[in-house]
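S.K.: mmCIF, C-alpha atoms, file start27.cif:
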```cif
data_final
loop_
_atom_site.group_PDB
_atom_site.id
_atom_site.type_symbol
_atom_site.label_atom_id
_atom_site.label_comp_id
_atom_site.auth_asym_id
_atom_site.auth_seq_id
_atom_site.Cartn_x
_atom_site.Cartn_y
_atom_site.Cartn_z
ATOM 1 C CA MET A 1 97.192 59.805 73.731
ATOM 2 C CA ALA A 2 99.461 61.160 76.466
ATOM 3 C CA LEU A 3 103.025 61.939 75.485
ATOM 4 C CA LEU A 4 104.377 60.336 78.680
ATOM 5 C CA THR A 5 103.248 57.028 80.174
ATOM 6 C CA ARG A 6 104.337 58.069 83.675
ATOM 7 C CA SER A 7 102.754 60.814 85.740
ATOM 8 C CA LEU A 8 104.593 64.114 85.809
ATOM 9 C CA VAL A 9 104.388 66.569 88.693
ATOM 10 C CA LEU A 10 105.366 70.175 88.066
ATOM 11 C CA ALA A 11 106.862 71.668 91.231
ATOM 12 C CA SER A 12 106.012 75.215 90.195
ATOM 13 C CA GLY A 13 103.024 77.518 90.166
ATOM 14 C CA SER A 14 104.289 79.381 87.103
ATOM 15 C CA PRO A 15 101.530 79.729 84.482
ATOM 16 C CA TYR A 16 104.214 80.134 81.801
ATOM 17 C CA ARG A 17 105.897 76.818 82.597
ATOM 18 C CA ALA A 18 102.500 75.126 82.672
ATOM 19 C CA ARG A 19 101.591 76.662 79.315
ATOM 20 C CA ILE A 20 104.838 75.546 77.688
ATOM 21 C CA LEU A 21 104.301 71.956 78.839
ATOM 22 C CA ARG A 22 100.688 71.941 77.633
ATOM 23 C CA GLU A 23 101.669 73.401 74.250
ATOM 24 C CA HIS A 24 104.024 70.432 73.792
ATOM 25 C CA GLY A 25 101.439 67.820 74.693
ATOM 26 C CA VAL A 26 102.756 67.025 78.170
ATOM 27 C CA GLU A 27 100.158 66.171 80.804
ATOM 28 C CA PHE A 28 100.997 66.992 84.424
ATOM 29 C CA THR A 29 99.721 67.933 87.835
ATOM 30 C CA VAL A 30 101.024 70.794 89.973
ATOM 31 C CA GLN A 31 102.424 70.753 93.492
ATOM 32 C CA VAL A 32 104.185 73.960 94.451
ATOM 33 C CA SER A 33 107.212 73.639 96.712
ATOM 34 C CA ASP A 34 107.770 75.995 99.641
ATOM 35 C CA VAL A 35 111.548 76.247 99.236
ATOM 36 C CA ASP A 36 113.279 79.499 100.213
ATOM 37 C CA GLU A 37 114.403 81.445 97.106
ATOM 38 C CA ASP A 38 116.475 84.138 98.830
ATOM 39 C CA LEU A 39 119.592 85.292 96.990
ATOM 40 C CA HIS A 40 122.913 85.842 98.696
ATOM 41 C CA PRO A 41 125.681 88.186 97.473
ATOM 42 C CA LYS A 42 128.160 85.402 96.693
ATOM 43 C CA ASP A 43 125.759 83.152 94.786
ATOM 44 C CA ARG A 44 126.986 82.262 91.296
ATOM 45 C CA PRO A 45 124.176 82.173 88.715
ATOM 46 C CA GLU A 46 124.295 78.687 87.202
ATOM 47 C CA PRO A 47 125.048 76.736 90.394
ATOM 48 C CA PHE A 48 122.388 78.757 92.228
ATOM 49 C CA VAL A 49 119.537 78.062 89.788
ATOM 50 C CA ARG A 50 120.484 74.384 89.481
ATOM 51 C CA SER A 51 120.652 74.004 93.249
ATOM 52 C CA LEU A 52 117.361 75.806 93.785
ATOM 53 C CA ALA A 53 115.611 73.721 91.123
ATOM 54 C CA ALA A 54 116.962 70.547 92.749
ATOM 55 C CA ARG A 55 115.775 71.604 96.204
ATOM 56 C CA LYS A 56 112.297 72.385 94.848
ATOM 57 C CA ALA A 57 112.102 69.064 93.005
ATOM 58 C CA MET A 58 113.266 67.013 96.001
ATOM 59 C CA ALA A 59 110.853 68.794 98.348
ATOM 60 C CA VAL A 60 107.918 67.782 96.161
ATOM 61 C CA ALA A 61 109.306 64.327 95.311
ATOM 62 C CA ALA A 62 109.165 63.432 98.997
ATOM 63 C CA ARG A 63 105.364 63.716 98.987
ATOM 64 C CA VAL A 64 104.239 62.208 95.671
ATOM 65 C CA PRO A 65 103.591 58.541 94.759
ATOM 66 C CA LYS A 66 106.603 56.403 93.896
ATOM 67 C CA GLY A 67 107.199 56.160 90.162
ATOM 68 C CA ALA A 68 106.241 59.701 89.247
ATOM 69 C CA LEU A 69 108.593 62.188 87.647
ATOM 70 C CA VAL A 70 108.933 65.524 89.430
ATOM 71 C CA LEU A 71 109.993 68.575 87.441
ATOM 72 C CA ALA A 72 111.228 71.821 88.955
ATOM 73 C CA ALA A 73 112.823 74.874 87.395
ATOM 74 C CA ASP A 74 114.134 78.207 88.544
ATOM 75 C CA THR A 75 114.963 81.199 86.373
ATOM 76 C CA MET A 76 117.164 84.190 87.177
ATOM 77 C CA CYS A 77 118.554 87.132 85.219
ATOM 78 C CA VAL A 78 122.154 88.271 85.284
ATOM 79 C CA MET A 79 122.829 91.967 84.712
ATOM 80 C CA ALA A 80 126.439 93.167 84.692
ATOM 81 C CA GLY A 81 127.436 90.123 86.711
ATOM 82 C CA GLU A 82 124.687 90.549 89.321
ATOM 83 C CA LEU A 83 122.100 87.837 89.884
ATOM 84 C CA VAL A 84 118.595 89.341 89.772
ATOM 85 C CA GLY A 85 115.413 87.581 90.827
ATOM 86 C CA LYS A 86 111.830 88.778 91.230
ATOM 87 C CA PRO A 87 111.061 92.361 92.316
ATOM 88 C CA ALA A 88 110.130 92.885 95.949
ATOM 89 C CA ASP A 89 107.632 95.646 95.127
ATOM 90 C CA HIS A 90 106.739 98.165 92.411
ATOM 91 C CA ALA A 91 109.645 100.472 93.277
ATOM 92 C CA ASP A 92 112.039 97.547 92.977
ATOM 93 C CA ALA A 93 110.478 96.591 89.636
ATOM 94 C CA ARG A 94 111.060 100.129 88.305
ATOM 95 C CA ARG A 95 114.676 100.008 89.460
ATOM 96 C CA ILE A 96 115.316 96.602 87.881
ATOM 97 C CA ILE A 97 113.757 97.487 84.512
ATOM 98 C CA ALA A 98 115.513 100.874 84.352
ATOM 99 C CA ARG A 99 118.834 99.188 85.083
ATOM 100 C CA ALA A 100 118.236 96.469 82.492
ATOM 101 C CA CYS A 101 117.397 99.051 79.824
ATOM 102 C CA ALA A 102 120.495 101.064 80.704
ATOM 103 C CA ILE A 103 122.823 98.043 80.663
ATOM 104 C CA GLY A 104 121.309 96.708 77.437
ATOM 105 C CA LEU A 105 122.289 93.039 77.492
ATOM 106 C CA GLN A 106 121.302 90.510 80.125
ATOM 107 C CA SER A 107 121.461 86.753 80.504
ATOM 108 C CA VAL A 108 118.459 84.658 81.454
ATOM 109 C CA ILE A 109 119.495 81.412 83.127
ATOM 110 C CA SER A 110 117.147 78.556 83.994
ATOM 111 C CA GLY A 111 118.103 75.654 86.194
ATOM 112 C CA VAL A 112 116.024 72.510 85.619
ATOM 113 C CA CYS A 113 115.844 69.356 87.723
ATOM 114 C CA VAL A 114 113.859 66.158 87.199
ATOM 115 C CA VAL A 115 113.572 63.609 90.003
ATOM 116 C CA ASP A 116 112.648 60.015 89.208
ATOM 117 C CA THR A 117 110.790 58.979 92.362
ATOM 118 C CA GLU A 118 111.201 55.302 91.492
ATOM 119 C CA ASP A 119 114.750 55.472 92.848
ATOM 120 C CA MET A 120 115.059 59.224 93.722
ATOM 121 C CA THR A 121 117.741 59.806 91.104
ATOM 122 C CA THR A 122 118.022 63.342 89.758
ATOM 123 C CA VAL A 123 118.999 64.840 86.421
ATOM 124 C CA SER A 124 119.663 68.554 86.152
ATOM 125 C CA PHE A 125 120.952 71.114 83.692
ATOM 126 C CA ALA A 126 121.080 74.858 83.131
ATOM 127 C CA GLU A 127 120.229 76.815 79.988
ATOM 128 C CA THR A 128 121.210 80.391 79.145
ATOM 129 C CA SER A 129 119.549 82.811 76.725
ATOM 130 C CA LEU A 130 120.481 86.421 76.011
ATOM 131 C CA VAL A 131 118.052 89.334 75.939
ATOM 132 C CA GLU A 132 119.022 92.729 74.542
ATOM 133 C CA MET A 133 116.982 95.607 75.946
ATOM 134 C CA LYS A 134 116.074 98.956 74.363
ATOM 135 C CA PRO A 135 116.466 102.323 76.087
ATOM 136 C CA ALA A 136 113.209 103.301 77.807
ATOM 137 C CA SER A 137 111.795 106.402 79.452
ATOM 138 C CA LEU A 138 110.697 106.471 83.083
ATOM 139 C CA ASP A 139 107.118 107.091 81.915
ATOM 140 C CA GLU A 140 107.199 103.917 79.811
ATOM 141 C CA ILE A 141 108.608 101.936 82.723
ATOM 142 C CA ASP A 142 106.041 103.367 85.153
ATOM 143 C CA ALA A 143 103.187 102.517 82.781
ATOM 144 C CA TYR A 144 104.384 98.909 82.520
ATOM 145 C CA VAL A 145 104.907 98.538 86.268
ATOM 146 C CA ALA A 146 101.378 99.904 86.855
ATOM 147 C CA THR A 147 99.957 96.906 84.956
ATOM 148 C CA GLY A 148 101.334 94.593 87.643
ATOM 149 C CA GLU A 149 103.007 92.430 84.994
ATOM 150 C CA PRO A 150 106.550 92.714 86.424
ATOM 151 C CA MET A 151 105.576 91.263 89.780
ATOM 152 C CA GLY A 152 106.625 87.668 90.238
ATOM 153 C CA LYS A 153 108.763 87.775 87.093
ATOM 154 C CA CYS A 154 112.492 87.172 86.918
ATOM 155 C CA GLY A 155 114.140 90.489 86.103
ATOM 156 C CA ALA A 156 110.738 92.224 86.495
ATOM 157 C CA LEU A 157 109.870 91.561 82.858
ATOM 158 C CA CYS A 158 107.723 89.172 80.861
ATOM 159 C CA ILE A 159 109.186 89.006 77.355
ATOM 160 C CA GLU A 160 105.645 88.858 75.917
ATOM 161 C CA SER A 161 103.892 91.692 77.749
ATOM 162 C CA GLY A 162 107.148 93.653 77.974
ATOM 163 C CA ALA A 163 108.098 93.135 74.327
ATOM 164 C CA GLY A 164 108.340 96.902 73.826
ATOM 165 C CA PHE A 165 111.450 96.949 76.019
ATOM 166 C CA VAL A 166 113.167 94.129 74.111
ATOM 167 C CA LYS A 167 115.370 94.768 71.090
ATOM 168 C CA SER A 168 116.285 91.134 70.402
ATOM 169 C CA TRP A 169 116.861 87.766 72.031
ATOM 170 C CA ARG A 170 119.217 84.869 71.363
ATOM 171 C CA GLY A 171 118.875 81.251 72.353
ATOM 172 C CA SER A 172 115.735 79.533 73.596
ATOM 173 C CA PHE A 173 112.653 81.769 73.785
ATOM 174 C CA ALA A 174 110.997 79.145 76.001
ATOM 175 C CA ASN A 175 113.943 79.473 78.368
ATOM 176 C CA VAL A 176 113.322 83.217 78.665
ATOM 177 C CA MET A 177 109.741 82.300 79.597
ATOM 178 C CA GLY A 178 111.105 80.005 82.313
ATOM 179 C CA LEU A 179 111.331 76.481 80.868
ATOM 180 C CA PRO A 180 113.856 75.400 78.180
ATOM 181 C CA ILE A 181 111.557 72.821 76.615
ATOM 182 C CA GLU A 182 113.974 72.043 73.753
ATOM 183 C CA ARG A 183 116.334 70.333 76.217
ATOM 184 C CA LEU A 184 113.711 69.218 78.712
ATOM 185 C CA LEU A 185 111.417 67.250 76.420
ATOM 186 C CA PRO A 186 114.058 64.733 75.207
ATOM 187 C CA LEU A 187 115.055 64.195 78.852
ATOM 188 C CA LEU A 188 111.470 63.486 79.938
ATOM 189 C CA LEU A 189 110.981 61.065 77.048
ATOM 190 C CA LYS A 190 114.245 59.289 77.893
ATOM 191 C CA LEU A 191 113.255 58.852 81.546
ATOM 192 C CA ASP A 192 109.788 57.693 80.530
ATOM 193 C CA VAL A 193 111.188 55.050 78.161
ATOM 194 C CA ARG A 194 113.822 53.923 80.681
ATOM 195 C CA ALA A 195 111.085 53.034 83.162
ATOM 196 C CA GLN A 196 109.525 50.618 80.663
ATOM 197 C CA TYR A 197 112.703 48.497 80.595
ATOM 198 C CA ARG A 198 113.405 48.303 84.333
#
```
In structure tokens, what does this structure look like?
M.R.:
Amino acid sequence: MALLTRSLVLASGSPYRARILREHGVEFTVQVSDVDEDLHPKDRPEPFVRSLAARKAMAVAARVPKGALVLAADTMCVMAGELVGKPADHADARRIIARACAIGLQSVISGVCVVDTEDMTTVSFAETSLVEMKPASLDEIDAYVATGEPMGKCGALCIESGAGFVKSWRGSFANVMGLPIERLLPLLLKLDVRAQYR
């Protein structure tokens, strides 16, 4: 039996977000948005990820059947006050990981937005987790970058494949992976139930 009675569309091509939803019994389809994710120097972390998630969700909501729920999320890292996204290339990945290991502590912030296409209302929130990094040698960083794992990852690191760089984490592990399911699931269930009493 499906957890939700309504159809859910995930506006993301992230295999990690898809895996988290599947592990919690949520059925969904995928439609990736084509929203620009460029950072700007004055962007503040939480408003930026919430805004980007909302833009992704609305872009997809405009092209799915009425009545579906559309879910979008965006995850960024904050290192010493600087918002850090995905690496542009392998050299950028090396730079990002080396900086993270030198700084030690970084925040991982996910913005989440759900659009109810029945009336196009939106609900959004942001979740923050902390990741403490270990010192690492350039050889260790180069070996990890050579695997290709950092590419397409916020902060150039997957907390699973890059576990050797991580000393500890605090908060939602799922959030570090890109989808804070602990807060998302009750929201999806609430929206699903609400539809039954319209």
S.K.: So that I can see what lies close to segment 164-177 of chain A, please list as a list in words the residues with an atom at most 6 Å from it, counting all atoms listed in the file and leaving out residues fewer than 2 positions away in the same chain.
M.R.: Ser129, Leu130, Val131, Glu132, Met133, Lys134, Gly162, Leu179 and Pro180 of chain A
S.K.: Applied to this file, what does the PyMOL selection byres ((chain A and resi 85-92) around 8) return in terms of residues, put as number ranges by chain?
M.R.: A: 39, 75-77, 83-84, 93-96, 145-146, 150-156
S.K.: May I have the centre and edge lengths, in Å to one decimal, of an axis-aligned box around the listed atoms of segment 130-134 of chain A with 4 Å added to every side, as AutoDock Vina command-line options?
M.R.:
```
--center_x 118.3 --center_y 92.7 --center_z 75.2 --size_x 12.4 --size_y 20.5 --size_z 9.6
```
S.K.: Tell me which protein, DNA and RNA residues are within 12 Å of Leu188 of chain A, counting all atoms listed in the file, leaving out same-chain ones fewer than 6 positions away, and put them as a tab-separated table (two decimals) with C-alpha atoms, in the coordinates of the input.
M.R.:
```tsv
chain	number	residue	atom	x	y	z
A	3	LEU	CA	103.02	61.94	75.48
A	4	LEU	CA	104.38	60.34	78.68
A	5	THR	CA	103.25	57.03	80.17
A	6	ARG	CA	104.34	58.07	83.68
A	7	SER	CA	102.75	60.81	85.74
A	8	LEU	CA	104.59	64.11	85.81
A	9	VAL	CA	104.39	66.57	88.69
A	21	LEU	CA	104.30	71.96	78.84
A	24	HIS	CA	104.02	70.43	73.79
A	26	VAL	CA	102.76	67.03	78.17
A	27	GLU	CA	100.16	66.17	80.80
A	28	PHE	CA	101.00	66.99	84.42
A	68	ALA	CA	106.24	59.70	89.25
A	69	LEU	CA	108.59	62.19	87.65
A	70	VAL	CA	108.93	65.52	89.43
A	71	LEU	CA	109.99	68.58	87.44
A	112	VAL	CA	116.02	72.51	85.62
A	113	CYS	CA	115.84	69.36	87.72
A	114	VAL	CA	113.86	66.16	87.20
A	115	VAL	CA	113.57	63.61	90.00
A	116	ASP	CA	112.65	60.02	89.21
A	122	THR	CA	118.02	63.34	89.76
A	123	VAL	CA	119.00	64.84	86.42
A	124	SER	CA	119.66	68.55	86.15
A	181	ILE	CA	111.56	72.82	76.61
A	182	GLU	CA	113.97	72.04	73.75
A	194	ARG	CA	113.82	53.92	80.68
A	195	ALA	CA	111.08	53.03	83.16
```
S.K.: Report the distance between atom CA of Ile159 of chain A and atom CA of Asp142 of chain A in Å, rounded to one decimal place.
M.R.: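 A separation of 16.6 Å between them.
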S.K.: Go ahead and compute the interatomic distance for atom CA of Ala143 of chain A and atom CA of Val108 of chain A, in Å to one decimal.
M.R.: 23.5 Å
S.K.: One decimal, Å: what's the distance from atom CA of Ser161 of chain A over to atom CA of Ala80 of chain A, could you say?
M.R.: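 Atom-to-atom, atom CA of Ser161 of chain A and atom CA of Ala80 of chain A are spaced 23.6 Å apart.
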S.K.: With distances taken over all atoms listed in the file, which of A:Ile109, A:Val193, A:Leu157, A:Val60 is nearest to Pro47 of chain A?
M.R.: A:Ile109
S.K.: From the list A:Ala11, A:Gly104, A:Ile97, A:Gly67, which residue is nearest Asp192 of chain A when using only C-alpha atoms?
M.R.: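 Closest to Asp192 of chain A of all the choices is A:Gly67.
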S.K.: Just give me the residues with any atom within 8 Å of (107.8, 75.1, 89.0), file coordinates, counting only C-alpha atoms, written as an MDAnalysis selection string.
M.R.: chainID A and resid 10:14 17 32:33 56 71:74
S.K.: Would you put the residues from that selection into a file with C-alpha atoms, as a short mmCIF file (atom, residue, chain, number, x, y, z; two decimals), in the frame of the given file?
M.R.:
```cif
data_model
loop_
_atom_site.label_atom_id
_atom_site.label_comp_id
_atom_site.auth_asym_id
_atom_site.auth_seq_id
_atom_site.Cartn_x
_atom_site.Cartn_y
_atom_site.Cartn_z
CA LEU A 10 105.37 70.18 88.07
CA ALA A 11 106.86 71.67 91.23
CA SER A 12 106.01 75.22 90.20
CA GLY A 13 103.02 77.52 90.17
CA SER A 14 104.29 79.38 87.10
CA ARG A 17 105.90 76.82 82.60
CA VAL A 32 104.18 73.96 94.45
CA SER A 33 107.21 73.64 96.71
CA LYS A 56 112.30 72.39 94.85
CA LEU A 71 109.99 68.58 87.44
CA ALA A 72 111.23 71.82 88.96
CA ALA A 73 112.82 74.87 87.40
CA ASP A 74 114.13 78.21 88.54
#
```
S.K.: Using all atoms listed in the file, which of the listed residues (A:Asp119, A:Glu46, A:Ser110, A:Arg22) sits closest to Ala61 of chain A?
M.R.: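 Closest candidate: A:Asp119.
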